[in-house]
$ cat model_19.cif   # mmCIF, C-alpha atoms
data_target
#
loop_
_atom_site.label_atom_id
_atom_site.label_comp_id
_atom_site.auth_asym_id
_atom_site.auth_seq_id
_atom_site.Cartn_x
_atom_site.Cartn_y
_atom_site.Cartn_z
CA MET S 1 -16.31 203.22 35.91
CA ASN S 2 -16.46 206.96 35.24
CA VAL S 3 -19.61 207.64 33.21
CA LEU S 4 -20.84 210.87 31.63
CA ILE S 5 -24.54 210.97 30.72
CA MET S 6 -25.92 213.68 28.43
CA GLY S 7 -29.63 214.31 28.93
CA CYS S 8 -31.42 213.96 32.24
CA GLY S 9 -34.77 212.82 30.96
CA ARG S 10 -36.47 209.72 32.32
CA VAL S 11 -33.95 207.37 30.74
CA GLY S 12 -30.91 209.47 31.59
CA ALA S 13 -31.97 209.94 35.20
CA GLN S 14 -32.83 206.26 35.65
CA LEU S 15 -29.53 205.14 34.15
CA ALA S 16 -27.65 207.64 36.32
CA SER S 17 -29.25 206.38 39.51
CA LEU S 18 -28.71 202.70 38.58
CA LEU S 19 -25.01 203.25 37.88
CA ASP S 20 -24.62 205.44 40.95
CA ALA S 21 -26.21 202.76 43.17
CA GLU S 22 -23.66 200.27 41.83
CA GLY S 23 -20.85 202.53 42.93
CA HIS S 24 -19.83 204.06 39.58
CA LYS S 25 -18.79 207.68 39.31
CA VAL S 26 -21.61 209.37 37.40
CA THR S 27 -21.93 212.87 35.95
CA VAL S 28 -25.19 214.01 34.33
CA LEU S 29 -25.28 216.91 31.88
CA ASP S 30 -28.48 218.68 30.86
CA VAL S 31 -29.30 222.09 29.36
CA ASP S 32 -32.12 222.54 31.87
CA ALA S 33 -31.49 222.39 35.63
CA HIS S 34 -35.18 221.59 36.11
CA SER S 35 -34.50 218.13 34.63
CA PHE S 36 -32.40 217.20 37.63
CA ARG S 37 -35.60 216.83 39.70
CA ARG S 38 -35.80 213.36 38.16
CA LEU S 39 -32.67 212.24 40.01
CA PRO S 40 -33.44 210.42 43.28
CA PRO S 41 -32.50 212.16 46.55
CA THR S 42 -29.95 209.40 47.16
CA PHE S 43 -28.05 210.24 43.95
CA GLY S 44 -24.41 210.74 44.87
CA GLY S 45 -23.04 211.76 41.48
CA MET S 46 -22.71 215.16 39.85
CA ALA S 47 -25.40 217.07 37.98
CA LEU S 48 -24.21 219.87 35.71
CA VAL S 49 -26.04 222.36 33.52
CA GLY S 50 -24.47 222.40 30.06
CA ASP S 51 -24.83 221.58 26.39
CA GLY S 52 -23.36 218.20 25.47
CA THR S 53 -22.71 219.30 21.90
CA SER S 54 -20.34 221.98 23.15
CA GLU S 55 -16.69 221.05 23.58
CA ASP S 56 -16.33 223.41 26.55
CA SER S 57 -19.30 222.01 28.46
CA LEU S 58 -18.05 218.48 27.86
CA LYS S 59 -14.61 219.38 29.19
CA GLU S 60 -16.16 220.99 32.26
CA ALA S 61 -18.13 217.82 32.83
CA GLY S 62 -14.87 215.89 32.82
CA ILE S 63 -15.15 214.06 29.50
CA GLU S 64 -11.38 213.78 29.30
CA GLU S 65 -11.41 211.41 32.27
CA ALA S 66 -14.61 209.55 31.32
CA ASP S 67 -14.54 205.81 30.56
CA ALA S 68 -17.97 205.94 28.97
CA PHE S 69 -20.30 208.51 27.40
CA VAL S 70 -24.04 208.10 26.89
CA ALA S 71 -26.17 210.53 24.80
CA VAL S 72 -29.87 210.30 25.64
CA THR S 73 -31.40 213.71 24.93
CA GLN S 74 -34.69 214.02 23.06
CA GLY S 75 -32.95 215.06 19.84
CA ASP S 76 -31.48 212.36 17.60
CA ASN S 77 -29.16 214.81 15.92
CA ARG S 78 -27.93 216.25 19.19
CA ASN S 79 -27.17 212.72 20.41
CA VAL S 80 -25.38 211.86 17.20
CA MET S 81 -23.28 215.00 17.28
CA ALA S 82 -22.35 214.66 20.96
CA ALA S 83 -21.50 210.97 20.56
CA GLN S 84 -19.21 211.73 17.63
CA ILE S 85 -17.48 214.49 19.57
CA ALA S 86 -16.99 212.10 22.51
CA ARG S 87 -15.57 209.39 20.28
CA GLN S 88 -13.57 211.28 17.71
CA ILE S 89 -12.44 214.39 19.55
CA PHE S 90 -12.10 213.10 23.11
CA ASN S 91 -11.46 209.40 22.35
CA VAL S 92 -13.81 208.17 25.07
CA PRO S 93 -13.40 204.34 25.10
CA LYS S 94 -17.11 203.49 25.25
CA VAL S 95 -19.75 205.67 23.60
CA VAL S 96 -23.44 204.80 23.22
CA CYS S 97 -26.21 207.03 21.89
CA ARG S 98 -29.94 206.88 21.43
CA ILE S 99 -31.32 207.44 17.92
CA TYR S 100 -35.12 207.21 17.68
CA ASP S 101 -35.11 207.10 13.87
CA PRO S 102 -34.23 203.48 12.93
CA LEU S 103 -32.87 204.43 9.48
CA ARG S 104 -30.61 207.07 10.92
CA LYS S 105 -29.48 204.58 13.55
CA ASP S 106 -28.46 202.14 10.80
CA ILE S 107 -26.42 204.78 9.00
CA TYR S 108 -24.52 205.80 12.11
CA GLU S 109 -23.99 202.22 13.14
CA SER S 110 -22.38 201.55 9.80
CA LEU S 111 -20.16 204.56 10.51
CA GLY S 112 -19.00 202.88 13.69
CA LEU S 113 -21.18 204.58 16.29
CA GLU S 114 -22.79 202.37 18.88
CA ALA S 115 -26.48 203.29 18.85
CA ILE S 116 -29.80 202.03 20.15
CA SER S 117 -33.13 202.79 18.53
CA PRO S 118 -35.86 202.64 21.20
CA THR S 119 -38.39 202.68 18.37
CA THR S 120 -37.25 199.32 17.07
CA VAL S 121 -36.63 197.81 20.50
CA PHE S 122 -40.01 198.87 21.84
CA ALA S 123 -41.93 197.81 18.75
CA GLU S 124 -40.37 194.37 19.01
CA LEU S 125 -41.18 194.16 22.71
CA LEU S 126 -44.78 195.10 22.03
CA LYS S 127 -45.06 192.51 19.31
CA GLU S 128 -43.70 189.89 21.66
CA LYS S 129 -46.25 190.87 24.32
CA LEU S 130 -49.06 190.66 21.82
CA LEU S 131 -48.11 187.44 20.07
CA GLY S 132 -46.13 185.65 22.74
CA ASN S 133 -42.62 184.37 22.26
CA SER S 134 -43.36 181.92 19.47
CA MET N 1 -25.37 221.17 -11.06
CA TYR N 2 -28.09 219.67 -8.92
CA ILE N 3 -27.95 221.30 -5.50
CA ILE N 4 -30.02 220.42 -2.42
CA ILE N 5 -30.42 223.06 0.25
CA ILE N 6 -31.53 222.06 3.76
CA GLY N 7 -33.38 224.84 5.57
CA GLY N 8 -35.58 227.50 4.00
CA GLY N 9 -34.69 230.36 6.35
CA SER N 10 -33.26 233.60 5.04
CA VAL N 11 -29.91 232.02 4.16
CA GLY N 12 -31.57 229.14 2.31
CA TYR N 13 -33.99 231.50 0.59
CA TYR N 14 -31.46 233.91 -0.88
CA LEU N 15 -29.00 231.12 -1.63
CA CYS N 16 -31.70 229.33 -3.60
CA LYS N 17 -32.51 232.50 -5.52
CA ALA N 18 -28.87 233.11 -6.39
CA LEU N 19 -28.20 229.52 -7.45
CA LEU N 20 -31.34 229.40 -9.60
CA SER N 21 -30.30 232.59 -11.38
CA GLU N 22 -26.95 230.97 -12.12
CA GLY N 23 -28.84 228.22 -13.90
CA HIS N 24 -28.49 225.42 -11.36
CA GLU N 25 -31.17 222.91 -10.49
CA VAL N 26 -32.07 223.60 -6.87
CA LEU N 27 -34.29 221.89 -4.33
CA VAL N 28 -34.93 223.24 -0.83
CA LEU N 29 -36.10 221.03 2.05
CA ASP N 30 -37.76 222.55 5.10
CA LYS N 31 -39.91 221.10 7.87
CA ASP N 32 -42.18 224.14 7.90
CA ALA N 33 -45.05 224.21 5.40
CA GLY N 34 -45.33 228.00 5.71
CA LYS N 35 -41.75 228.49 4.56
CA CYS N 36 -42.34 226.22 1.57
CA GLU N 37 -45.32 228.33 0.54
CA ARG N 38 -43.18 231.43 0.48
CA PHE N 39 -40.79 229.72 -1.92
CA GLU N 40 -43.70 228.52 -4.04
CA ASP N 41 -45.07 232.06 -4.37
CA ASP N 42 -41.73 233.60 -5.34
CA MET N 43 -39.82 230.93 -7.22
CA GLY N 44 -42.21 228.13 -8.12
CA SER N 45 -41.93 224.54 -6.98
CA VAL N 46 -38.44 224.55 -5.55
CA CYS N 47 -39.21 223.78 -1.91
CA VAL N 48 -40.47 220.46 -0.56
CA ARG N 49 -41.69 220.02 2.97
CA GLY N 50 -39.62 217.48 4.87
CA ASP N 51 -36.86 216.79 7.34
CA GLY N 52 -33.55 216.95 5.50
CA CYS N 53 -31.93 214.65 8.05
CA GLU N 54 -34.27 211.81 7.19
CA THR N 55 -33.18 209.18 4.71
CA ALA N 56 -36.63 208.87 3.17
CA THR N 57 -36.89 212.63 2.53
CA LEU N 58 -33.46 212.78 0.95
CA ALA N 59 -34.20 209.71 -1.17
CA ALA N 60 -37.40 211.32 -2.46
CA ALA N 61 -35.44 214.49 -3.19
CA GLY N 62 -33.11 212.48 -5.42
CA ALA N 63 -30.09 212.98 -3.20
CA SER N 64 -28.20 210.19 -4.93
CA ARG N 65 -27.84 212.32 -8.06
CA ALA N 66 -27.09 215.58 -6.20
CA ASP N 67 -23.72 217.18 -6.83
CA LEU N 68 -23.81 219.29 -3.71
CA LEU N 69 -25.76 219.55 -0.45
CA ILE N 70 -25.77 222.74 1.59
CA ALA N 71 -27.21 222.65 5.12
CA THR N 72 -28.25 226.12 6.25
CA THR N 73 -30.51 225.67 9.29
CA ASN N 74 -29.75 227.47 12.53
CA GLU N 75 -29.22 224.20 14.40
CA ASP N 76 -25.65 222.98 14.08
CA GLU N 77 -26.48 219.37 14.93
CA ASP N 78 -29.13 219.24 12.19
CA ASN N 79 -26.67 220.63 9.65
CA LEU N 80 -24.07 218.06 10.70
CA VAL N 81 -26.43 215.10 10.40
CA ALA N 82 -27.93 216.25 7.08
CA CYS N 83 -24.44 216.49 5.58
CA GLN N 84 -23.31 213.15 7.00
CA VAL N 85 -26.42 211.29 5.85
CA ALA N 86 -26.08 212.85 2.37
CA LYS N 87 -22.46 211.87 2.17
CA HIS N 88 -22.57 208.36 3.58
CA GLN N 89 -26.00 207.17 2.51
CA PHE N 90 -26.30 208.89 -0.86
CA GLY N 91 -22.69 209.50 -1.84
CA VAL N 92 -23.18 213.23 -2.38
CA PRO N 93 -19.69 214.32 -3.45
CA ARG N 94 -19.61 217.66 -1.68
CA THR N 95 -21.32 218.90 1.48
CA ILE N 96 -21.28 222.36 2.99
CA ALA N 97 -22.59 223.11 6.47
CA ARG N 98 -23.50 226.41 8.02
CA VAL N 99 -22.02 226.57 11.50
CA ASN N 100 -23.71 228.79 14.05
CA ASN N 101 -21.34 228.24 16.97
CA PRO N 102 -17.88 229.18 15.61
CA LYS N 103 -16.31 226.53 17.85
CA ASN N 104 -18.04 223.83 15.84
CA GLU N 105 -16.12 224.65 12.66
CA LYS N 106 -13.15 222.50 13.65
CA ILE N 107 -15.35 219.71 14.99
CA PHE N 108 -17.34 219.53 11.75
CA GLN N 109 -14.19 219.31 9.68
CA LYS N 110 -12.92 216.48 11.86
CA LEU N 111 -16.25 214.72 11.37
CA GLY N 112 -15.90 214.79 7.60
CA ILE N 113 -17.87 217.80 6.41
CA ASP N 114 -16.14 219.16 3.30
CA ARG N 115 -16.64 222.82 4.01
CA THR N 116 -18.04 224.80 6.91
CA ILE N 117 -19.16 228.38 6.88
CA SER N 118 -19.48 230.20 10.17
CA ILE N 119 -21.84 233.08 9.66
CA THR N 120 -20.99 234.42 13.10
CA ASN N 121 -17.30 234.55 12.18
CA LEU N 122 -18.01 236.14 8.81
CA ILE N 123 -20.02 238.92 10.40
CA LEU N 124 -17.37 239.43 13.09
CA GLU N 125 -14.63 239.67 10.49
CA HIS N 126 -16.52 242.22 8.47
CA ILE N 127 -17.25 244.33 11.51
CA GLU N 128 -13.59 244.07 12.56
CA GLY N 129 -12.60 245.32 9.13
CA GLU N 130 -14.76 248.40 9.62
CA LEU N 131 -13.11 249.32 12.92
CA PRO N 132 -10.35 251.84 12.20
CA THR N 133 -8.32 250.71 15.20
CA HIS N 134 -8.29 247.06 14.27
CA PRO N 135 -4.73 246.04 13.39
CA LEU N 136 -5.38 242.86 11.41
CA ILE N 137 -8.13 242.18 8.92
CA HIS N 138 -8.80 238.81 7.31
CA LEU N 139 -9.19 239.25 3.58
CA LEU N 140 -9.34 235.65 2.50
CA THR N 141 -9.02 232.31 4.25
CA MET N 142 -7.90 229.26 2.33
CA LYS N 143 -9.03 226.69 4.83
CA GLU N 144 -7.77 223.56 3.17
CA GLU N 145 -4.26 224.96 2.94
CA GLY N 146 -4.44 226.48 6.44
CA THR N 147 -3.37 229.81 4.93
CA GLU N 148 -4.89 233.26 4.96
CA ILE N 149 -4.41 236.60 3.31
CA VAL N 150 -4.57 239.46 5.80
CA GLU N 151 -4.22 243.20 5.84
CA VAL N 152 -2.17 244.62 8.70
CA ARG N 153 -1.73 248.22 9.71
CA VAL N 154 1.75 248.99 11.00
CA ARG N 155 1.51 250.63 14.39
CA GLU N 156 3.87 253.34 15.60
CA GLY N 157 6.57 251.96 17.86
CA SER N 158 6.11 248.37 16.75
CA GLU N 159 9.05 246.13 15.89
CA ALA N 160 8.34 246.34 12.17
CA VAL N 161 8.90 250.09 11.85
CA GLY N 162 12.13 251.48 10.35
CA LYS N 163 13.82 248.21 9.46
CA PRO N 164 14.25 246.50 6.12
CA ILE N 165 12.03 243.44 5.80
CA LYS N 166 15.00 241.03 5.78
CA LYS N 167 15.85 242.15 9.34
CA LEU N 168 12.38 241.33 10.68
CA HIS N 169 11.72 238.07 12.48
CA LEU N 170 8.87 236.97 10.29
CA PRO N 171 7.20 233.67 11.17
CA PRO N 172 8.14 230.86 8.77
CA ASP N 173 6.01 230.65 5.61
CA SER N 174 4.66 234.17 6.12
CA PHE N 175 5.15 236.51 3.19
CA LEU N 176 4.65 240.25 3.02
CA VAL N 177 3.32 240.90 -0.44
CA LEU N 178 1.98 244.41 -1.01
CA LEU N 179 2.57 247.78 0.60
CA ILE N 180 -0.04 250.53 0.55
CA ARG N 181 1.28 253.85 1.86
CA ASN N 182 -0.84 257.01 2.23
CA GLY N 183 -3.43 255.65 -0.15
CA GLN N 184 -0.93 255.53 -3.02
CA LYS N 185 -0.75 252.73 -5.57
CA PRO N 186 0.19 249.40 -3.99
CA ARG N 187 3.84 248.42 -4.33
CA ILE N 188 5.43 245.00 -4.21
CA ILE N 189 7.38 244.47 -0.99
CA THR N 190 10.99 243.35 -1.39
CA GLU N 191 13.41 242.31 1.33
CA ASP N 192 14.88 245.83 1.31
CA THR N 193 11.56 247.64 1.79
CA VAL N 194 11.47 249.67 5.02
CA LEU N 195 8.06 249.97 6.66
CA GLN N 196 6.69 253.11 8.30
CA ALA N 197 3.99 253.60 10.87
CA ASN N 198 0.47 253.54 9.37
CA ASP N 199 1.58 251.57 6.31
CA HIS N 200 -0.90 248.95 5.21
CA VAL N 201 0.63 245.60 4.40
CA ILE N 202 -1.05 242.73 2.60
CA ALA N 203 0.46 239.47 3.80
CA LEU N 204 0.08 235.77 3.20
CA THR N 205 0.42 233.74 6.38
CA PRO N 206 -0.32 230.32 7.86
CA THR N 207 -3.31 230.71 10.18
CA ALA N 208 -1.19 229.42 13.06
CA SER N 209 1.29 232.31 12.66
CA GLU N 210 -1.32 235.05 12.68
CA ASP N 211 -0.66 236.07 16.27
CA VAL N 212 3.11 236.31 15.76
CA LEU N 213 2.52 238.52 12.76
CA ARG N 214 0.07 240.67 14.67
CA ARG N 215 2.60 241.22 17.47
CA LEU N 216 5.34 242.12 15.02
CA PHE N 217 3.28 244.89 13.44
CA THR N 218 1.38 246.19 16.42
CA GLY N 219 3.57 245.40 19.40
CA SER N 220 0.55 243.99 21.23
#
$ encode --input "model_19.cif" --output "structure tokens"
Amino acid sequence: MNVLIMGCGRVGAQLASLLDAEGHKVTVLDVDAHSFRRLPPTFGGMALVGDGTSEDSLKEAGIEEADAFVAVTQGDNRNVMAAQIARQIFNVPKVVCRIYDPLRKDIYESLGLEAISPTTVFAELLKEKLLGNS
Amino acid sequence: MYIIIIGGGSVGYYLCKALLSEGHEVLVLDKDAGKCERFEDDMGSVCVRGDGCETATLAAAGASRADLLIATTNEDEDNLVACQVAKHQFGVPRTIARVNNPKNEKIFQKLGIDRTISITNLILEHIEGELPTHPLIHLLTMKEEGTEIVEVRVREGSEAVGKPIKKLHLPPDSFLVLLIRNGQKPRIITEDTVLQANDHVIALTPTASEDVLRRLFTGS
């Protein structure tokens, strides 16, 4: 699969290296080249400096050929905007974005965007750890 | 009308002032307490501290009874989300977003924002209008219709000089409306009007045909 990841933070970099190790074609986009230090030395994909909310940067990063797009920058709104551009302008078949704010995540999910709220997921995980699986 | 403004920067500030003086009910939301204080000092309690992209903030601001939401921050993605949340969560009938990167205008429209205003483009257009050499000036853009009213200066040696209008290859749906020659009173253009170099022409044209029109009058 040809995957474009926006945001090379801890999650973005980890996802990129996992997919790369499985033989997928991975491109990572970040506004700051310094973020690419998080990619492992074995990473065989592409790392590009660019803004994932800009149509031009996305084109340069090869969004037109991408099978999947993942938006995992620190900004909820940036992720939401980039994910919508990927889906509605470039018709990328699979688009997933991170939205920290659970309420905002619900709204965009009802609008048809596939989103994950780490806030909710992590809170549930913590609760499970504390109280067990009962 | 009840109008919510997101962003208390200079655009939000003067917009709020103008709308209040027109008698509207206005509420400004800004994340920065300092900005809210400035509003408080000058206009009373019109600014509430909060993130205009958050559902809870908008709910507390009474977004469900707002007639209009205008997002004026200098972050395009924040303006987009504020407008979308207002529209889809609170049913605000009309949303207007400031667009900082002119390229986002089209994207925002595709993503359902009713109206976008690109401040960068507005400033560019006004500066263009002040340049004496600039051949085509945008006077008014009717976005929904995809039409604009422009002023063109006829350049010496261009295709448009010395021929009656009916002989010109005007793009379809473009109309030449008014002729201003040597600063005289404007005249209505008919199909027999013959244009001269340095004439000013007011034309109505589909945005898509602007370049064809420009070439016709300037030869470039």
$ residues_around --input "model_19.cif" --residues "segment 170-184 of chain N" --least-positions-apart "4" --cutoff "7 Å" --atoms "all atoms listed in the file" --output "list in words"
Ile188, Ile189, Asp199, His200, Val201, Ile202, Ala203, Leu204, Thr205, Pro206, Ser209, Val212 and Leu213 of chain N
$ axis_aligned_box --input "model_19.cif" --around "segment 22-35 of chain N" --padding-each-side "5 Å" --output "AutoDock Vina command-line options"
--center_x -36.1 --center_y 226.0 --center_z -3.0 --size_x 28.4 --size_y 19.9 --size_z 31.8
$ resolve_selection --input "model_19.cif" --expression "the PyMOL selection byres ((chain S) within 12 of (chain N))" --output "MDAnalysis selection string"
chainID S and resid 51:57 75:90 99:111
$ residues_around --input "model_19.cif" --residues "Arg153 of chain N" --least-positions-apart "2" --cutoff "8 Å" --atoms "only C-alpha atoms" --output "list in words"
Pro135, Leu136, Glu151, Arg155, Ala197, Asn198, Asp199, His200, Val201, Phe217 and Thr218 of chain N
$ atom_distance --input "model_19.cif" --atom1 "atom CA of Arg38 of chain S" --atom2 "atom CA of Asn2 of chain S"
20.6 Å
$ closest_residue --input "model_19.cif" --among "S:Arg98, S:Asn91, S:Val72, S:Gly45" --to "Val121 of chain S" --atoms "only C-alpha atoms"
S:Arg98
$ resolve_selection --input "model_19.cif" --expression "the PyMOL selection byres ((chain S and resi 16-26) around 7)" --output "CSV table (one decimal) with C-alpha atoms, in the coordinates of the input"
chain,number,residue,atom,x,y,z
S,1,MET,CA,-16.3,203.2,35.9
S,2,ASN,CA,-16.5,207.0,35.2
S,3,VAL,CA,-19.6,207.6,33.2
S,4,LEU,CA,-20.8,210.9,31.6
S,12,GLY,CA,-30.9,209.5,31.6
S,13,ALA,CA,-32.0,209.9,35.2
S,14,GLN,CA,-32.8,206.3,35.6
S,15,LEU,CA,-29.5,205.1,34.2
S,27,THR,CA,-21.9,212.9,36.0
S,28,VAL,CA,-25.2,214.0,34.3
S,39,LEU,CA,-32.7,212.2,40.0
S,40,PRO,CA,-33.4,210.4,43.3
S,43,PHE,CA,-28.0,210.2,44.0
S,44,GLY,CA,-24.4,210.7,44.9
S,45,GLY,CA,-23.0,211.8,41.5
S,46,MET,CA,-22.7,215.2,39.8
$ resolve_selection --input "model_19.cif" --expression "the PyMOL selection byres ((chain N and resi 92-94) around 9)" --output "ChimeraX atom specification"
/N:63-70,83,86-91,95-96,113-115
$ atom_distance --input "model_19.cif" --atom1 "atom CA of Val194 of chain N" --atom2 "atom CA of Ile165 of chain N"
6.3 Å
$ atom_distance --input "model_19.cif" --atom1 "atom CA of Lys17 of chain N" --atom2 "atom CA of Met43 of chain N"
7.7 Å
$ residues_around --input "model_19.cif" --residues "segment 139-141 of chain N" --least-positions-apart "5" --cutoff "6 Å" --atoms "all atoms listed in the file" --output "PyMOL selection string"
chain N and resi 148-150
$ residues_around --input "model_19.cif" --residues "Glu64 of chain S" --least-positions-apart "2" --cutoff "9 Å" --atoms "only C-alpha atoms" --output "PyMOL selection string"
chain S and resi 58-59+61-62+66-67+86+90-92
$ residues_around --input "model_19.cif" --residues "Leu27 of chain N" --least-positions-apart "3" --cutoff "12 Å" --atoms "only C-alpha atoms" --output "MDAnalysis selection string"
chainID N and resid 1:8 12:13 15:17 19:20 24 30 36 39:40 43:50 52 57:58 60:63 66:71
